[in-house]
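Below is my_file35.txt, holding compact mmCIF, C-alpha atoms.
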# COMPACT_ATOMS: atom_id res chain seq x y z
CA MET U 1 1.87 -8.30 17.38
CA MET U 2 1.94 -12.01 16.55
CA LYS U 3 2.94 -13.03 13.05
CA GLU U 4 -0.48 -14.39 12.19
CA GLU U 5 -1.95 -11.01 13.06
CA THR U 6 0.34 -9.03 10.76
CA PRO U 7 -1.93 -6.60 8.88
CA ARG U 8 -2.38 -7.57 5.25
CA ALA U 9 -1.09 -4.16 4.12
CA ASN U 10 2.25 -4.93 5.83
CA ARG U 11 2.68 -8.31 4.19
CA PHE U 12 4.80 -9.06 1.12
CA HIS U 13 2.33 -9.50 -1.77
CA ILE U 14 3.17 -12.16 -4.36
CA GLY U 15 0.91 -12.14 -7.42
CA LEU U 16 0.43 -15.08 -9.79
CA PHE U 17 -0.28 -14.04 -13.37
CA GLY U 18 -0.61 -16.00 -16.57
CA ARG U 19 -2.95 -17.44 -19.14
CA ARG U 20 -6.00 -19.47 -18.24
CA ASN U 21 -5.13 -23.02 -17.18
CA SER U 22 -1.40 -22.30 -16.82
CA GLY U 23 -1.60 -23.61 -13.26
CA LYS U 24 -1.68 -20.43 -11.17
CA SER U 25 -4.26 -21.73 -8.69
CA SER U 26 -2.46 -25.06 -8.44
CA LEU U 27 0.72 -23.17 -7.53
CA VAL U 28 -1.15 -21.34 -4.77
CA ASN U 29 -2.30 -24.69 -3.39
CA MET U 30 1.23 -26.11 -3.65
CA LEU U 31 2.77 -23.18 -1.77
CA THR U 32 0.14 -23.14 0.96
CA GLY U 33 -0.20 -26.91 1.28
CA GLN U 34 -3.98 -26.39 1.25
CA GLU U 35 -6.80 -26.52 -1.26
CA VAL U 36 -7.18 -22.73 -1.13
CA ALA U 37 -8.02 -22.15 -4.78
CA VAL U 38 -10.44 -24.13 -6.94
CA VAL U 39 -8.53 -26.08 -9.58
CA SER U 40 -10.10 -27.35 -12.79
CA ASP U 41 -9.13 -28.25 -16.34
CA VAL U 42 -11.79 -25.81 -17.48
CA PRO U 43 -10.10 -22.53 -18.53
CA GLY U 44 -11.20 -19.47 -16.57
CA THR U 45 -12.01 -21.25 -13.27
CA THR U 46 -10.56 -18.36 -11.25
CA THR U 47 -12.91 -15.42 -11.73
CA ASP U 48 -12.03 -13.11 -8.82
CA VAL U 49 -8.76 -12.12 -7.25
CA ILE U 50 -8.09 -14.53 -4.36
CA LEU U 51 -5.89 -13.49 -1.41
CA LYS U 52 -4.30 -15.99 0.97
CA ASN U 53 -2.15 -15.03 3.96
CA ILE U 54 0.89 -17.24 4.43
CA GLU U 55 4.25 -17.38 6.20
CA LEU U 56 7.05 -18.10 3.72
CA PRO U 57 10.64 -19.08 4.57
CA GLY U 58 13.07 -16.22 4.01
CA ILE U 59 10.19 -13.75 3.62
CA GLY U 60 7.85 -14.09 6.56
CA ALA U 61 4.34 -12.64 6.51
CA SER U 62 3.13 -12.74 2.91
CA VAL U 63 0.00 -12.75 0.77
CA LEU U 64 -0.46 -14.93 -2.30
CA VAL U 65 -2.58 -13.16 -4.91
CA ASP U 66 -4.25 -15.53 -7.39
CA THR U 67 -5.66 -13.81 -10.48
CA ALA U 68 -7.84 -14.61 -13.46
CA GLY U 69 -6.07 -15.43 -16.71
CA TYR U 70 -4.98 -12.36 -18.61
CA ASP U 71 -6.11 -14.00 -21.87
CA ASP U 72 -9.74 -14.25 -20.73
CA GLU U 73 -12.35 -13.42 -23.37
CA GLY U 74 -15.84 -12.02 -23.74
CA GLU U 75 -17.63 -9.34 -21.75
CA LEU U 76 -17.23 -11.09 -18.39
CA GLY U 77 -13.69 -12.09 -19.31
CA GLY U 78 -12.86 -8.45 -19.90
CA LEU U 79 -14.07 -7.59 -16.40
CA ARG U 80 -11.91 -10.38 -14.97
CA VAL U 81 -8.87 -9.10 -16.84
CA LYS U 82 -9.58 -5.63 -15.46
CA GLN U 83 -9.40 -7.08 -11.93
CA THR U 84 -6.12 -8.75 -12.83
CA VAL U 85 -4.74 -5.44 -14.11
CA ASN U 86 -5.75 -3.74 -10.84
CA ALA U 87 -4.04 -6.46 -8.81
CA ALA U 88 -0.88 -6.04 -10.89
CA ARG U 89 -0.45 -2.53 -9.52
CA TRP U 90 -0.03 -3.42 -5.88
CA VAL U 91 1.92 -6.68 -5.74
CA ASP U 92 5.53 -6.67 -4.52
CA LEU U 93 6.57 -9.59 -6.73
CA ALA U 94 4.95 -10.93 -9.90
CA LEU U 95 5.13 -14.60 -10.82
CA ILE U 96 4.32 -15.03 -14.50
CA VAL U 97 3.28 -18.66 -14.90
CA VAL U 98 3.66 -20.45 -18.25
CA SER U 99 3.29 -24.05 -19.42
CA GLY U 100 3.50 -26.10 -22.61
CA LEU U 101 5.21 -24.75 -25.70
CA PRO U 102 5.67 -20.98 -26.13
CA ASP U 103 2.95 -20.59 -28.75
CA GLY U 104 3.47 -16.88 -29.02
CA ALA U 105 4.92 -15.22 -25.94
CA GLU U 106 3.65 -11.73 -26.75
CA LYS U 107 1.28 -11.59 -23.79
CA GLU U 108 3.96 -12.76 -21.38
CA LYS U 109 6.42 -10.21 -22.77
CA ALA U 110 3.82 -7.43 -22.54
CA TRP U 111 3.04 -8.27 -18.94
CA GLY U 112 6.72 -8.48 -18.09
CA GLU U 113 7.17 -4.99 -19.55
CA ARG U 114 4.13 -3.76 -17.58
CA PHE U 115 5.69 -4.90 -14.32
CA GLN U 116 9.09 -3.51 -15.29
CA ALA U 117 7.50 -0.09 -15.97
CA ASP U 118 6.01 -0.16 -12.46
CA ASP U 119 9.34 -1.27 -10.95
CA ILE U 120 7.86 -4.59 -9.82
CA PRO U 121 10.27 -7.56 -9.90
CA VAL U 122 9.24 -10.57 -12.01
CA LEU U 123 9.96 -14.28 -11.81
CA TYR U 124 8.98 -16.48 -14.75
CA ILE U 125 7.66 -19.86 -13.62
CA TYR U 126 7.49 -22.84 -15.97
CA ASN U 127 4.79 -25.13 -14.58
CA LYS U 128 3.87 -28.77 -15.31
CA VAL U 129 7.38 -30.18 -15.63
CA ASP U 130 5.85 -33.51 -14.62
CA GLU U 131 4.11 -33.61 -18.00
CA ASP U 132 7.10 -33.01 -20.28
CA GLY U 133 10.16 -33.34 -18.03
CA GLY U 134 10.81 -29.62 -18.35
CA SER U 135 11.84 -29.92 -21.98
CA HIS U 136 9.97 -26.74 -22.93
CA ALA U 137 11.46 -24.53 -20.23
CA GLY U 138 14.43 -23.63 -22.45
CA ALA U 139 12.11 -22.65 -25.29
CA TRP U 140 10.26 -20.29 -22.97
CA ARG U 141 13.55 -18.86 -21.74
CA THR U 142 14.51 -18.06 -25.34
CA ALA U 143 11.06 -16.72 -26.28
CA LEU U 144 10.94 -14.43 -23.24
CA GLY U 145 14.57 -13.35 -23.36
CA ALA U 146 14.68 -14.21 -19.65
CA THR U 147 17.93 -15.08 -17.93
CA ASP U 148 16.19 -17.70 -15.84
CA VAL U 149 12.91 -19.58 -15.69
CA VAL U 150 12.11 -21.51 -12.52
CA SER U 151 10.74 -24.95 -13.37
CA VAL U 152 8.13 -26.49 -11.07
CA SER U 153 5.30 -28.96 -10.95
CA ALA U 154 2.39 -27.68 -8.91
CA ARG U 155 0.91 -31.19 -8.99
CA THR U 156 3.93 -33.07 -7.56
CA GLY U 157 5.69 -30.25 -5.71
CA GLU U 158 8.88 -30.60 -7.77
CA GLY U 159 10.91 -27.36 -7.79
CA ARG U 160 9.06 -25.91 -4.78
CA ASP U 161 12.27 -25.26 -2.82
CA CYS U 162 13.90 -23.54 -5.80
CA LEU U 163 10.86 -21.31 -6.20
CA LEU U 164 10.83 -20.42 -2.50
CA SER U 165 14.55 -19.56 -2.64
CA ALA U 166 14.07 -17.39 -5.73
CA MET U 167 11.20 -15.49 -4.06
CA ALA U 168 13.21 -15.01 -0.87
CA GLU U 169 16.10 -13.57 -2.89
CA VAL U 170 13.77 -11.00 -4.45
CA TYR U 171 12.45 -10.11 -1.00
CA ARG U 172 15.98 -9.49 0.29
CA ARG U 173 16.45 -6.88 -2.44
CA THR U 174 13.18 -5.10 -1.67
CA ASP U 175 13.48 -1.49 -0.52
CA GLU U 176 11.12 -1.26 2.45
CA VAL U 177 10.89 1.29 5.25
CA GLU U 178 11.16 -0.78 8.42
CA ASP U 179 11.12 1.91 11.12
CA LEU U 180 7.85 3.83 11.22
CA THR U 181 9.09 6.70 13.42
CA GLY U 182 12.57 6.82 11.90
CA ASN U 183 15.00 9.22 13.54
CA LEU U 184 12.37 11.12 15.51
CA VAL U 185 12.80 9.05 18.68
CA GLY U 186 15.19 6.56 20.24
CA GLU U 187 15.45 4.28 23.23
CA GLY U 188 14.35 5.89 26.49
CA ASP U 189 12.41 8.76 24.88
CA THR U 190 8.95 9.68 26.13
CA VAL U 191 6.28 10.02 23.44
CA VAL U 192 2.72 11.28 23.80
CA LEU U 193 0.15 10.00 21.31
CA VAL U 194 -2.95 12.15 20.87
CA MET U 195 -5.74 9.88 19.65
CA PRO U 196 -9.25 11.34 19.40
CA GLN U 197 -11.87 8.64 19.98
CA ASP U 198 -14.61 10.29 17.94
CA ILE U 199 -17.50 8.90 15.94
CA GLN U 200 -15.12 7.60 13.25
CA ALA U 201 -13.07 5.51 15.72
CA PRO U 202 -14.18 1.85 15.72
CA LYS U 203 -15.91 0.92 18.96
CA GLY U 204 -13.66 -1.03 21.30
CA ARG U 205 -10.63 -0.83 19.00
CA LEU U 206 -7.81 1.46 17.96
CA ILE U 207 -7.30 2.26 14.30
CA LEU U 208 -4.40 0.57 12.52
CA PRO U 209 -1.98 3.56 12.38
CA GLN U 210 -2.29 3.99 16.15
CA VAL U 211 -1.66 0.30 16.79
CA GLN U 212 1.35 0.15 14.47
CA THR U 213 2.87 3.33 15.90
CA LEU U 214 2.48 2.05 19.46
CA ARG U 215 4.15 -1.21 18.51
CA ASN U 216 7.03 0.65 16.86
CA LEU U 217 7.59 2.77 19.97
CA LEU U 218 7.53 -0.28 22.23
CA ASP U 219 10.04 -2.05 19.97
CA LYS U 220 12.33 1.01 20.27
CA ARG U 221 11.96 0.87 24.08
CA CYS U 222 10.25 4.24 24.31
CA THR U 223 7.75 5.26 26.98
CA ALA U 224 4.42 5.89 25.26
CA LEU U 225 1.50 7.78 26.81
CA CYS U 226 -1.87 7.95 25.06
CA CYS U 227 -4.59 10.55 25.49
CA THR U 228 -7.45 12.24 23.69
CA ALA U 229 -7.00 15.84 22.55
CA ASP U 230 -8.95 17.29 25.46
CA ARG U 231 -6.72 15.46 27.96
CA LEU U 232 -3.41 16.64 26.47
CA PRO U 233 -2.88 19.53 28.96
CA ILE U 234 -3.33 17.20 31.92
CA THR U 235 -1.11 14.54 30.33
CA LEU U 236 1.70 17.05 29.80
CA SER U 237 1.31 18.38 33.36
CA VAL U 238 1.94 14.99 34.99
CA LEU U 239 5.28 14.58 33.20
CA SER U 240 8.40 15.69 35.04
CA SER U 241 9.83 16.98 31.77
CA PRO U 242 8.41 17.64 28.28
CA PRO U 243 8.14 14.60 25.99
CA SER U 244 10.59 14.10 23.15
CA LEU U 245 7.79 13.80 20.63
CA ILE U 246 4.04 14.28 20.31
CA ILE U 247 2.28 12.27 17.61
CA THR U 248 -1.23 13.48 16.90
CA ASP U 249 -4.18 12.68 14.74
CA SER U 250 -3.99 15.18 11.86
CA GLN U 251 -7.55 16.36 12.48
CA VAL U 252 -6.49 18.11 15.71
CA PHE U 253 -3.09 19.30 14.43
CA PRO U 254 -3.63 23.05 15.13
CA ALA U 255 -5.00 22.51 18.66
CA VAL U 256 -2.16 20.16 19.58
CA GLU U 257 0.48 22.45 18.05
CA ALA U 258 -0.74 25.28 20.27
CA LEU U 259 -0.07 23.12 23.36
CA CYS U 260 3.19 21.54 22.19
CA PRO U 261 6.17 22.53 24.42
CA PRO U 262 8.90 24.44 22.53
CA GLN U 263 11.47 21.66 23.04
CA THR U 264 9.11 18.88 21.92
CA ARG U 265 8.91 17.67 18.34
CA LEU U 266 5.47 17.41 16.75
CA THR U 267 4.25 15.12 13.99
CA SER U 268 1.13 13.16 13.04
CA PHE U 269 0.25 9.57 12.29
CA SER U 270 -0.48 10.55 8.70
CA VAL U 271 2.92 12.23 8.29
CA LEU U 272 4.63 9.10 9.63
CA PHE U 273 2.70 6.99 7.12
CA ALA U 274 3.55 9.41 4.30
CA ARG U 275 7.12 8.15 4.59
CA TYR U 276 6.31 4.59 5.66
CA LYS U 277 3.97 3.92 2.74
CA GLY U 278 5.11 6.39 0.09
CA ASP U 279 7.67 9.03 -0.88
CA ILE U 280 7.81 11.78 1.74
CA ARG U 281 9.79 14.11 -0.55
CA GLN U 282 7.15 13.89 -3.26
CA PHE U 283 4.44 14.60 -0.68
CA LEU U 284 6.31 17.66 0.62
CA GLN U 285 6.73 18.97 -2.94
CA GLY U 286 3.00 18.45 -3.34
CA ALA U 287 2.41 20.68 -0.31
CA GLU U 288 4.16 23.51 -2.14
CA ALA U 289 1.81 23.01 -5.09
CA LEU U 290 -1.12 22.95 -2.68
CA CYS U 291 -0.27 26.38 -1.33
CA ALA U 292 -0.13 27.75 -4.88
CA LEU U 293 -3.48 26.39 -6.12
CA ARG U 294 -5.70 28.59 -8.27
CA PRO U 295 -9.24 29.27 -7.00
CA ASP U 296 -10.67 27.21 -9.90
CA ALA U 297 -8.22 24.31 -9.56
CA ARG U 298 -9.27 20.63 -9.68
CA VAL U 299 -8.29 18.51 -6.67
CA LEU U 300 -8.61 14.76 -6.23
CA ILE U 301 -8.90 13.40 -2.68
CA ALA U 302 -8.03 9.68 -2.55
CA GLU U 303 -8.90 7.41 0.35
CA ALA U 304 -7.32 3.95 0.54
CA CYS U 305 -10.07 2.28 2.53
CA THR U 306 -13.74 2.06 1.69
CA HIS U 307 -16.07 3.02 4.51
CA VAL U 308 -19.47 4.54 5.08
CA PRO U 309 -18.87 8.32 5.39
CA GLN U 310 -19.78 9.66 8.81
CA HIS U 311 -20.24 13.08 10.35
CA GLU U 312 -17.08 15.21 10.03
CA ASP U 313 -15.33 12.62 7.85
CA ILE U 314 -11.78 13.86 7.26
CA GLY U 315 -11.57 13.14 3.54
CA ARG U 316 -15.13 14.03 2.57
CA VAL U 317 -15.87 16.88 4.96
CA LYS U 318 -12.91 18.35 6.85
CA LEU U 319 -10.34 18.53 4.02
CA PRO U 320 -12.81 19.99 1.49
CA ARG U 321 -13.86 22.55 4.10
CA LEU U 322 -10.24 23.60 4.72
CA LEU U 323 -9.55 23.77 0.99
CA ARG U 324 -12.59 25.91 0.20
CA ARG U 325 -11.94 28.15 3.19
CA LYS U 326 -8.52 28.94 1.73
CA PHE U 327 -9.21 28.92 -2.02
CA GLY U 328 -12.94 29.62 -2.32
CA GLU U 329 -16.06 27.79 -3.40
CA ALA U 330 -15.03 27.62 -7.08
CA LEU U 331 -12.48 24.90 -6.23
CA HIS U 332 -13.50 21.61 -7.87
CA ILE U 333 -13.01 18.58 -5.62
CA ASP U 334 -13.46 14.91 -6.56
CA ILE U 335 -13.28 12.10 -4.00
CA VAL U 336 -12.43 8.44 -4.67
CA SER U 337 -11.92 5.49 -2.34
CA GLY U 338 -10.44 2.00 -2.44
CA ASN U 339 -9.20 0.95 -5.87
CA ASP U 340 -11.22 3.63 -7.66
CA PHE U 341 -8.22 5.68 -8.75
CA PRO U 342 -8.35 7.34 -12.20
CA GLU U 343 -6.18 5.97 -14.96
CA ASP U 344 -5.54 9.49 -16.28
CA LEU U 345 -4.77 12.13 -13.66
CA SER U 346 -3.93 14.91 -16.11
CA ALA U 347 -7.25 16.69 -15.47
CA TYR U 348 -6.18 17.44 -11.88
CA ASP U 349 -3.93 20.12 -10.44
CA LEU U 350 -3.31 18.16 -7.22
CA VAL U 351 -3.94 14.80 -5.58
CA ILE U 352 -4.30 14.58 -1.78
CA HIS U 353 -3.86 10.98 -0.62
CA CYS U 354 -4.70 9.50 2.77
CA GLY U 355 -2.09 7.81 4.97
CA ALA U 356 -2.79 4.52 3.11
CA CYS U 357 -2.49 2.28 6.14
CA MET U 358 -4.64 -0.28 4.27
CA PHE U 359 -2.41 -0.28 1.16
CA THR U 360 0.96 -1.85 0.50
CA ARG U 361 3.83 0.56 0.01
CA ARG U 362 4.18 -0.74 -3.55
CA HIS U 363 0.56 0.23 -4.22
CA VAL U 364 1.12 3.80 -3.04
CA LEU U 365 4.42 4.16 -4.90
CA ASN U 366 2.68 2.98 -8.06
CA ARG U 367 0.07 5.72 -7.68
CA LEU U 368 2.79 8.30 -7.09
CA ARG U 369 4.61 7.13 -10.20
CA ARG U 370 1.44 7.50 -12.27
CA ALA U 371 0.94 11.01 -10.92
CA ARG U 372 4.53 11.97 -11.79
CA ALA U 373 4.04 10.62 -15.31
CA CYS U 374 1.05 12.97 -15.68
CA GLY U 375 2.93 15.90 -14.12
CA VAL U 376 0.43 16.08 -11.24
CA PRO U 377 1.72 16.88 -7.72
CA VAL U 378 0.61 14.68 -4.82
CA THR U 379 0.52 15.33 -1.10
CA ASN U 380 -0.78 13.52 1.96
CA TYR U 381 -3.66 14.18 4.37
CA GLY U 382 -1.46 15.09 7.34
CA ILE U 383 0.96 17.21 5.34
CA ALA U 384 -1.94 18.95 3.59
CA ILE U 385 -3.69 19.80 6.87
CA ALA U 386 -0.46 21.12 8.36
CA ALA U 387 0.12 23.27 5.27
CA LEU U 388 -3.47 24.56 5.16
CA THR U 389 -3.36 25.51 8.85
CA GLY U 390 0.05 27.19 8.57
CA ILE U 391 2.03 24.85 10.82
CA LEU U 392 3.89 22.65 8.33
CA ASP U 393 7.21 24.34 9.17
CA LYS U 394 6.73 23.22 12.80
CA VAL U 395 6.06 19.57 11.95
CA ALA U 396 8.86 17.02 12.32
CA VAL U 397 9.34 14.75 9.32
CA PRO U 398 11.08 11.38 9.92
CA GLU U 399 14.11 10.27 7.95
Could you express the structure from this file as structure tokens?
Amino acid sequence: MMKEETPRANRFHIGLFGRRNSGKSSLVNMLTGQEVAVVSDVPGTTTDVILKNIELPGIGASVLVDTAGYDDEGELGGLRVKQTVNAARWVDLALIVVSGLPDGAEKEKAWGERFQADDIPVLYIYNKVDEDGGSHAGAWRTALGATDVVSVSARTGEGRDCLLSAMAEVYRRTDEVEDLTGNLVGEGDTVVLVMPQDIQAPKGRLILPQVQTLRNLLDKRCTALCCTADRLPITLSVLSSPPSLIITDSQVFPAVEALCPPQTRLTSFSVLFARYKGDIRQFLQGAEALCALRPDARVLIAEACTHVPQHEDIGRVKLPRLLRRKFGEALHIDIVSGNDFPEDLSAYDLVIHCGACMFTRRHVLNRLRRARACGVPVTNYGIAIAALTGILDKVAVPE
């Protein structure tokens, strides 16, 4: 996959936060070398979150996230701030942009604490050094209690290299899962991928988890064979020996498990993404809570992507059917998609999250952290289906 085609969910997200007219949009334009964001002296010019893909030195594929000022006012301003708050949950690095004299740094401190609570690294950026020679940067450093404040001028480009170096240093410290299949396969292994091309599969394309898994296997110099569920017996019969691993769509887990050779490991795309995008241990603990649900329990099913529900949709039809078949019709199930994730999860006994191929890992980890804070267990689509169909103990989990 070429760099310019790197999925947005796999890019390093850098969010720009600050008061209105602090120069966030100008910084986006400086970093991209393009007039990406509208710049004006009128406070509140940026009204929606703006995303711009970019390749950055020392980081690679990235996304710059320009946000509305967190000091916006009025009814519309409140809605803009709400969008900024949502964006703050899924960035990998937060740039808090300040300028002028620190006339009360309470908002900047509060936002710094917000990011710290979500384990998101922060860089403080003093902008507009061309206007005062950077004389106020020290005052901001004292007001914020920050060990360092990077001084730049978005208008002239001064300090750009220092800012790029500081961002690259944060990236080097980021804890990311690089290998999608982990220890399940190695060079020379044969892997069969079972990929149903049903009504939910986009015409003429493969879905993102399938594409990323194929790329990972090719990078590891594995031999990958792809088939639909009905062609699995024939695919296995043409092999001279059983494959090392079968990776299946979770929806056909039970049928594929019944055909899986004894010496072949079995997993699913969703299980792979449970580790790649989130915390596999927390998801497995959630599976234990799933098996112990009360008949009147409340369950939240969370989908990362927004799409028009179709026949036999996994999150809206198949999972609820499996849950009610096991626990009864009194089970209360809510379904959310995209960024519609409740602030307070304490009303739920369990959250079942999709593979989150469209989310950054930071976004998923933030949701898991919020669930832990509310004492609510979380599991994943693939792990939940394996548990509900009684085959979780036969599923290989990557390390």
Atom pair atom CA of U:Asp219 / atom CA of U:Gly182: separation (Å) = 12.3 Å
Residue with the minimum atom-to-atom distance to U:Leu272, picked from U:Phe17, U:Tyr348, U:Phe115, U:Tyr381 with only C-alpha atoms counted, is U:Tyr381
Compile the contact shell of U:Glu178 as number ranges by chain: residues with an atom at most 12 Å away, counting all atoms listed in the file, same-chain residues fewer than 5 positions apart removed.
-> U: 10, 183, 212-213, 216, 219, 272-273, 275-277, 361, 399
Next, write the just-selected residues to a file, as a CSV table (one decimal), keeping the file's coordinate frame, keeping C-alpha atoms as the atom set.
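So the final result, stored in out.csv, reads:
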chain,number,residue,atom,x,y,z
U,10,ASN,CA,2.2,-4.9,5.8
U,183,ASN,CA,15.0,9.2,13.5
U,212,GLN,CA,1.4,0.2,14.5
U,213,THR,CA,2.9,3.3,15.9
U,216,ASN,CA,7.0,0.6,16.9
U,219,ASP,CA,10.0,-2.0,20.0
U,272,LEU,CA,4.6,9.1,9.6
U,273,PHE,CA,2.7,7.0,7.1
U,275,ARG,CA,7.1,8.2,4.6
U,276,TYR,CA,6.3,4.6,5.7
U,277,LYS,CA,4.0,3.9,2.7
U,361,ARG,CA,3.8,0.6,0.0
U,399,GLU,CA,14.1,10.3,8.0
Using all atoms listed in the file, which of U:Arg325, U:Arg316, U:Arg265, U:Arg11 sits nearest U:Ile246?
-> U:Arg265
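When only C-alpha atoms are used to compute distances to U:Gly286, the closest of the residues U:Val81, U:Ile383, U:Val28, U:Val238 turns out to be U:Ile383.
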Since the input lacks atoms, please generate all heavy atoms for stretch 355-362 of chain U and provide them as a short mmCIF file (atom, residue, chain, number, x, y, z; two decimals), in the coordinates of the input.
data_model
loop_
_atom_site.label_atom_id
_atom_site.label_comp_id
_atom_site.auth_asym_id
_atom_site.auth_seq_id
_atom_site.Cartn_x
_atom_site.Cartn_y
_atom_site.Cartn_z
N GLY U 355 -3.30 8.46 4.46
CA GLY U 355 -2.09 7.81 4.97
C GLY U 355 -1.85 6.43 4.41
O GLY U 355 -0.75 5.89 4.51
N ALA U 356 -2.89 5.81 3.82
CA ALA U 356 -2.79 4.52 3.11
C ALA U 356 -2.36 3.37 4.01
O ALA U 356 -1.61 2.50 3.59
CB ALA U 356 -1.84 4.65 1.91
N CYS U 357 -2.85 3.37 5.24
CA CYS U 357 -2.49 2.28 6.14
C CYS U 357 -3.03 0.94 5.65
O CYS U 357 -2.51 -0.12 6.02
CB CYS U 357 -2.99 2.56 7.56
SG CYS U 357 -4.78 2.72 7.72
N MET U 358 -4.05 0.95 4.78
CA MET U 358 -4.64 -0.28 4.27
C MET U 358 -4.02 -0.72 2.95
O MET U 358 -4.40 -1.76 2.40
CB MET U 358 -6.15 -0.11 4.08
CG MET U 358 -6.89 0.29 5.34
SD MET U 358 -6.67 -0.89 6.70
CE MET U 358 -7.52 -2.32 6.03
N PHE U 359 -3.07 0.05 2.42
CA PHE U 359 -2.41 -0.28 1.16
C PHE U 359 -0.98 -0.76 1.41
O PHE U 359 -0.36 -0.38 2.41
CB PHE U 359 -2.34 0.94 0.24
CG PHE U 359 -3.60 1.22 -0.55
CD1 PHE U 359 -3.66 2.30 -1.41
CD2 PHE U 359 -4.71 0.40 -0.45
CE1 PHE U 359 -4.80 2.58 -2.14
CE2 PHE U 359 -5.86 0.67 -1.17
CZ PHE U 359 -5.90 1.76 -2.02
N THR U 360 -0.46 -1.54 0.48
CA THR U 360 0.96 -1.85 0.50
C THR U 360 1.74 -0.62 0.05
O THR U 360 1.21 0.25 -0.65
CB THR U 360 1.30 -3.02 -0.44
OG1 THR U 360 1.02 -2.62 -1.79
CG2 THR U 360 0.47 -4.26 -0.10
N ARG U 361 3.00 -0.55 0.44
CA ARG U 361 3.83 0.56 0.01
C ARG U 361 3.97 0.56 -1.52
O ARG U 361 3.97 1.62 -2.15
CB ARG U 361 5.21 0.46 0.67
CG ARG U 361 6.11 1.67 0.39
CD ARG U 361 7.28 1.72 1.35
NE ARG U 361 7.99 2.97 1.22
CZ ARG U 361 9.12 3.15 0.53
NH1 ARG U 361 9.68 2.12 -0.09
NH2 ARG U 361 9.70 4.32 0.47
N ARG U 362 4.06 -0.64 -2.10
CA ARG U 362 4.18 -0.74 -3.55
C ARG U 362 2.98 -0.12 -4.24
O ARG U 362 3.10 0.54 -5.27
CB ARG U 362 4.31 -2.22 -3.95
CG ARG U 362 4.45 -2.48 -5.42
CD ARG U 362 5.82 -2.16 -5.94
NE ARG U 362 6.83 -3.01 -5.32
CZ ARG U 362 8.12 -3.00 -5.63
NH1 ARG U 362 8.55 -2.17 -6.55
NH2 ARG U 362 8.97 -3.79 -5.03
#
